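Colleague: Provided herewith is a single structure, encoded as structure tokens, for subsequent inquiry.
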Amino acid sequence: MQRELTLSEIRLFPIKSLPGLSLSEADVKPYGLVNDRCMMLVDENGVFISQRKNPELALIQLNYTEQLVRLDSQQQGPMSISENNFTQQNIKTEVWGDVCDALVAEQSINQWFSKYLKQTVSLVRYNHQRPRKTDPAYSNADDTVSFADGFPLLVISEESLNDLNTKLEQQGLSTVTMTNFRPNVVIKGAKAFEEDHWKRIRIGEVEFDCVKICSRCILTTVDPLTGIKAENREPLKTLASYRKMDGGVMFGMNMIPRSDGIIRVTDKVEILE
């Protein structure tokens, strides 16, 4: 009997390294999901800030509509952000060595985040007029990406997470959720780590190239509910025991869209190559 693969979850991250949101459907553009990781926090040198060094970012509450991002924290209370809250001041920012252009938010927004993190930071917005290129070793010359680590989307299968959680349970360790790994799309019905071998897939009406297995870092050890890094380095330590390859500890597949369109939860997923 032929297995049926379906899209079981879509996750959007409006601000890089802040909590994400589950969507029933999403609009896919060449750079990824519309508004995914199109804002991020940077330090005084323009270098991006993430939960790797600031795990407390996980505790900011975030709600989203297409026009508005609403934030809240116990320390400072609510704040709303729209495109109108960004100046036309263009600055150079850095994401993993990539220098890219961004527009700076109004000072009141920067002050909210600076107070929360107890350091001077700025919120910036991706400048679509000056797009950031993807790694040419794994993509076409005109491929672009927002402020995501390297590629427009990340896919993980439910079965891969189940495999990891089985190994954690066998050691008497706490299981984890997809939130630890921050994928954009989750697929069910595959074999564990089957996504390692996909070259091209179609989700609903949109086709994607699967270009590079995703290497994982210490961010996966941040508890999304408490904002605390696990002292035992789990689940990364267990992943490293059986998923270490050239380039790091691998979990998930990076993808580049090859067409625009809408993807929806329950969409059929076809393996084209």
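We label chains A, B, ... in the order they appear in the structure tokens, count residues from 1 in each chain, and number ligands from 1 in the order shown.
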Which residues are close to segment 225-240 of chain A, i.e. within 12 Å by only C-alpha atoms, leaving aside same-chain residues fewer than 4 positions away? Reply as a PyMOL selection string.

Modeller: chain A and resi 17-19+50-61+160-161+163-181+215-221+244-252

Colleague: Could those residues be written to a file, using N, CA and C atoms, as a compact mmCIF listing (two decimals), in the first residue's frame?

Modeller:
```txt
# COMPACT_ATOMS: atom_id res chain seq x y z
N SER A 17 14.25 34.33 15.71
CA SER A 17 14.62 33.85 17.04
C SER A 17 13.61 34.18 18.14
N LEU A 18 12.45 34.73 17.77
CA LEU A 18 11.34 34.85 18.71
C LEU A 18 10.39 33.68 18.47
N PRO A 19 9.42 33.47 19.37
CA PRO A 19 8.48 32.37 19.16
C PRO A 19 7.76 32.47 17.81
N SER A 50 20.16 36.12 18.77
CA SER A 50 19.30 34.94 18.76
C SER A 50 19.25 34.31 20.14
N GLN A 51 18.44 33.26 20.24
CA GLN A 51 18.31 32.51 21.49
C GLN A 51 19.58 31.75 21.84
N ARG A 52 20.51 31.66 20.92
CA ARG A 52 21.77 30.98 21.25
C ARG A 52 22.45 31.66 22.43
N LYS A 53 22.46 32.99 22.42
CA LYS A 53 23.05 33.75 23.52
C LYS A 53 22.01 34.42 24.40
N ASN A 54 20.81 34.57 23.88
CA ASN A 54 19.73 35.24 24.63
C ASN A 54 18.49 34.35 24.65
N PRO A 55 18.54 33.23 25.40
CA PRO A 55 17.41 32.29 25.40
C PRO A 55 16.13 32.89 25.94
N GLU A 56 16.23 34.02 26.67
CA GLU A 56 15.03 34.66 27.21
C GLU A 56 14.11 35.20 26.12
N LEU A 57 14.60 35.27 24.88
CA LEU A 57 13.74 35.67 23.77
C LEU A 57 12.57 34.71 23.60
N ALA A 58 12.74 33.47 24.04
CA ALA A 58 11.68 32.47 23.90
C ALA A 58 10.44 32.83 24.72
N LEU A 59 10.60 33.70 25.71
CA LEU A 59 9.49 34.01 26.62
C LEU A 59 8.65 35.19 26.18
N ILE A 60 9.07 35.89 25.13
CA ILE A 60 8.23 36.98 24.61
C ILE A 60 6.99 36.39 23.96
N GLN A 61 5.83 36.88 24.35
CA GLN A 61 4.58 36.40 23.75
C GLN A 61 4.35 37.13 22.43
N SER A 160 10.57 11.68 12.17
CA SER A 160 11.95 11.94 12.60
C SER A 160 11.96 12.40 14.06
N LEU A 161 11.02 13.28 14.41
CA LEU A 161 10.93 13.72 15.80
C LEU A 161 10.55 12.55 16.70
N ASP A 163 11.27 9.46 16.31
CA ASP A 163 12.46 8.62 16.44
C ASP A 163 13.38 9.18 17.53
N LEU A 164 13.60 10.49 17.49
CA LEU A 164 14.44 11.13 18.50
C LEU A 164 13.81 10.98 19.89
N ASN A 165 12.52 11.22 20.01
CA ASN A 165 11.88 11.13 21.31
C ASN A 165 11.90 9.71 21.87
N THR A 166 11.83 8.72 21.02
CA THR A 166 11.96 7.33 21.48
C THR A 166 13.32 7.11 22.13
N LYS A 167 14.36 7.64 21.51
CA LYS A 167 15.71 7.49 22.07
C LYS A 167 15.87 8.28 23.37
N LEU A 168 15.23 9.45 23.46
CA LEU A 168 15.27 10.21 24.71
C LEU A 168 14.56 9.44 25.83
N GLU A 169 13.39 8.87 25.52
CA GLU A 169 12.63 8.12 26.51
C GLU A 169 13.40 6.90 27.00
N GLN A 170 14.12 6.23 26.10
CA GLN A 170 14.90 5.05 26.48
C GLN A 170 16.00 5.38 27.49
N GLN A 171 16.41 6.66 27.50
CA GLN A 171 17.43 7.10 28.45
C GLN A 171 16.83 7.75 29.69
N GLY A 172 15.50 7.75 29.76
CA GLY A 172 14.83 8.38 30.89
C GLY A 172 14.84 9.89 30.82
N LEU A 173 15.00 10.44 29.62
CA LEU A 173 15.07 11.88 29.43
C LEU A 173 13.73 12.44 28.96
N SER A 174 13.55 13.74 29.14
CA SER A 174 12.31 14.39 28.70
C SER A 174 12.25 14.45 27.18
N THR A 175 11.07 14.26 26.64
CA THR A 175 10.89 14.39 25.21
C THR A 175 10.80 15.88 24.84
N VAL A 176 10.90 16.15 23.53
CA VAL A 176 10.85 17.52 23.04
C VAL A 176 9.78 17.63 21.95
N THR A 177 9.48 18.86 21.58
CA THR A 177 8.49 19.10 20.53
C THR A 177 9.17 19.72 19.32
N MET A 178 8.41 19.88 18.25
CA MET A 178 8.95 20.53 17.05
C MET A 178 9.40 21.96 17.33
N THR A 179 8.84 22.55 18.38
CA THR A 179 9.20 23.93 18.70
C THR A 179 10.69 24.08 18.95
N ASN A 180 11.34 23.04 19.46
CA ASN A 180 12.79 23.09 19.68
C ASN A 180 13.57 23.26 18.39
N PHE A 181 12.98 22.85 17.25
CA PHE A 181 13.72 22.79 15.98
C PHE A 181 13.26 23.82 14.96
N SER A 215 22.12 21.46 9.68
CA SER A 215 22.94 21.21 10.87
C SER A 215 22.36 21.97 12.05
N ARG A 216 22.40 21.36 13.22
CA ARG A 216 21.74 21.92 14.38
C ARG A 216 22.74 22.41 15.42
N CYS A 217 22.28 23.36 16.25
CA CYS A 217 23.17 24.03 17.19
C CYS A 217 22.56 24.04 18.59
N ILE A 218 23.18 24.79 19.48
CA ILE A 218 22.79 24.84 20.88
C ILE A 218 21.39 25.42 21.08
N LEU A 219 20.85 26.15 20.10
CA LEU A 219 19.51 26.70 20.23
C LEU A 219 18.47 25.61 20.46
N THR A 220 18.71 24.42 19.94
CA THR A 220 17.76 23.31 20.11
C THR A 220 17.63 22.87 21.56
N THR A 221 18.57 23.29 22.42
CA THR A 221 18.53 22.90 23.83
C THR A 221 17.78 23.91 24.70
N LYS A 244 25.33 12.52 13.62
CA LYS A 244 26.49 13.35 13.33
C LYS A 244 27.06 12.95 11.97
N MET A 245 27.19 13.94 11.10
CA MET A 245 27.69 13.73 9.75
C MET A 245 28.71 14.82 9.45
N ASP A 246 29.29 14.77 8.26
CA ASP A 246 30.15 15.86 7.85
C ASP A 246 29.33 17.15 7.86
N GLY A 247 29.80 18.14 8.58
CA GLY A 247 29.08 19.40 8.64
C GLY A 247 28.30 19.61 9.91
N GLY A 248 28.19 18.57 10.76
CA GLY A 248 27.53 18.77 12.04
C GLY A 248 26.50 17.71 12.39
N VAL A 249 25.65 18.05 13.34
CA VAL A 249 24.56 17.18 13.79
C VAL A 249 23.32 17.57 12.98
N MET A 250 22.79 16.63 12.22
CA MET A 250 21.78 16.96 11.21
C MET A 250 20.36 16.57 11.62
N PHE A 251 19.42 17.49 11.36
CA PHE A 251 18.02 17.22 11.64
C PHE A 251 17.17 18.20 10.84
N GLY A 252 16.50 17.68 9.81
CA GLY A 252 15.67 18.52 8.95
C GLY A 252 16.34 18.79 7.61
```

Colleague: Could you pull out the alpha helix (DSSP H) residues of segment 39-230 of chain A from DSSP and send them as a list of chain:residue names?

Modeller: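 Those in segment 39-230 of chain A that DSSP calls alpha helix (DSSP H) are A:Gln107, A:Ser108, A:Ile109, A:Asn110, A:Gln111, A:Trp112, A:Phe113, A:Ser114, A:Lys115, A:Tyr116, A:Leu117, A:Glu158, A:Glu159, A:Ser160, A:Leu161, A:Asn162, A:Asp163, A:Leu164, A:Asn165, A:Thr166, A:Lys167, A:Leu168, A:Glu169, A:Gln170.
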
Colleague: Could you pull the residues within 7 Å of Pro183 of chain A, counting only C-alpha atoms, minus those fewer than 6 positions along the same chain, as a JSON list (two decimals) with N, CA and C atoms, in the first residue's frame?

Modeller:
```
[["chain", "number", "residue", "atom", "x", "y", "z"],
["A", 11, "ARG", "N", 4.53, 26.66, 10.28],
["A", 11, "ARG", "CA", 4.94, 27.58, 11.34],
["A", 11, "ARG", "C", 5.63, 28.80, 10.74],
["A", 154, "LEU", "N", 12.49, 25.28, 6.14],
["A", 154, "LEU", "CA", 12.99, 24.05, 6.75],
["A", 154, "LEU", "C", 11.83, 23.09, 6.92],
["A", 155, "VAL", "N", 12.03, 21.84, 6.51],
["A", 155, "VAL", "CA", 11.00, 20.80, 6.65],
["A", 155, "VAL", "C", 11.54, 19.69, 7.54],
["A", 156, "ILE", "N", 10.67, 19.18, 8.41],
["A", 156, "ILE", "CA", 10.97, 18.03, 9.26],
["A", 156, "ILE", "C", 9.75, 17.13, 9.27]]
```

Colleague: Counting only C-alpha atoms, figure out which residue out of A:Gly20, A:Pro131, A:Gly77, A:Gly32 gets nearest to Phe151 of chain A.

Modeller: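 For Phe151 of chain A, the nearest of the given residues is A:Gly32.
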
Colleague: Compile the contact shell of Pro257 of chain A as a PyMOL selection string: residues with an atom at most 10 Å away, counting only C-alpha atoms, same-chain residues fewer than 2 positions apart removed.

Modeller: chain A and resi 28-33+143-144+151-153+200-202+206-210+255+259-261

Colleague: Could you save the residues just selected, with C-alpha atoms, as a short mmCIF file (atom, residue, chain, number, x, y, z; two decimals), in the first residue's frame?

Modeller:
```cif
data_model
loop_
_atom_site.label_atom_id
_atom_site.label_comp_id
_atom_site.auth_asym_id
_atom_site.auth_seq_id
_atom_site.Cartn_x
_atom_site.Cartn_y
_atom_site.Cartn_z
CA VAL A 28 4.95 31.00 -0.41
CA LYS A 29 7.29 33.39 -2.23
CA PRO A 30 10.82 32.83 -3.57
CA TYR A 31 12.37 33.96 -0.26
CA GLY A 32 10.10 31.67 1.84
CA LEU A 33 6.78 32.08 3.62
CA ASP A 143 17.78 32.53 -5.25
CA THR A 144 17.08 34.76 -2.26
CA PHE A 151 17.63 28.95 3.19
CA PRO A 152 13.97 29.93 2.72
CA LEU A 153 12.26 26.98 4.46
CA ARG A 200 12.28 17.75 -5.03
CA ILE A 201 8.83 17.74 -3.46
CA ARG A 202 5.44 19.31 -4.10
CA VAL A 206 3.98 24.61 -4.71
CA GLU A 207 7.21 22.84 -5.70
CA PHE A 208 10.42 22.94 -3.68
CA ASP A 209 14.02 21.90 -4.18
CA CYS A 210 15.46 20.13 -1.15
CA MET A 255 14.26 23.92 0.92
CA SER A 259 6.98 28.24 -7.60
CA ASP A 260 4.71 30.66 -5.76
CA GLY A 261 1.42 29.68 -4.23
#
```

Colleague: Find the residues around Asn63 of chain A up to 9 Å (only C-alpha atoms counted), leave out those fewer than 4 positions away in its own chain, and share them as a list in words.

Modeller: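 The residues that qualify are Gly20, Leu21, Leu68, Val69, Arg70, Leu71 and Asp72 of chain A.
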
Colleague: Since we have the selection now, will you write its residues out, keeping C-alpha atoms, as an mmCIF file, in the first residue's frame?

Modeller:
```
data_model
loop_
_atom_site.group_PDB
_atom_site.id
_atom_site.type_symbol
_atom_site.label_atom_id
_atom_site.label_comp_id
_atom_site.auth_asym_id
_atom_site.auth_seq_id
_atom_site.Cartn_x
_atom_site.Cartn_y
_atom_site.Cartn_z
ATOM 1 C CA GLY A 20 6.611 31.256 16.057
ATOM 2 C CA LEU A 21 2.959 30.720 15.223
ATOM 3 C CA LEU A 68 0.523 43.692 12.709
ATOM 4 C CA VAL A 69 2.795 41.843 15.161
ATOM 5 C CA ARG A 70 1.751 42.117 18.807
ATOM 6 C CA LEU A 71 4.316 41.418 21.528
ATOM 7 C CA ASP A 72 3.996 41.151 25.281
#
```

Colleague: For Trp112 of chain A, please output as a ChimeraX atom specification all residues within 8 Å (counting only C-alpha atoms; exclusion window: fewer than 4 positions along the same chain).

Modeller: /A:76,108,116

Colleague: Identify which of the residues A:Asn184, A:Gln74, A:Asn85, A:Ser122 lies closest to Ser157 of chain A, counting only C-alpha atoms when measuring atom-to-atom distances.

Modeller: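 Residue with the minimum atom-to-atom distance to Ser157 of chain A: A:Asn184.
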
Colleague: Given the choices A:Ser114, A:Ser241, A:Asn35, A:Ser24, which gets closest to Tyr126 of chain A if the distance is worked out from only C-alpha atoms?

Modeller: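 Ranked by minimum distance to Tyr126 of chain A, first place goes to A:Asn35.
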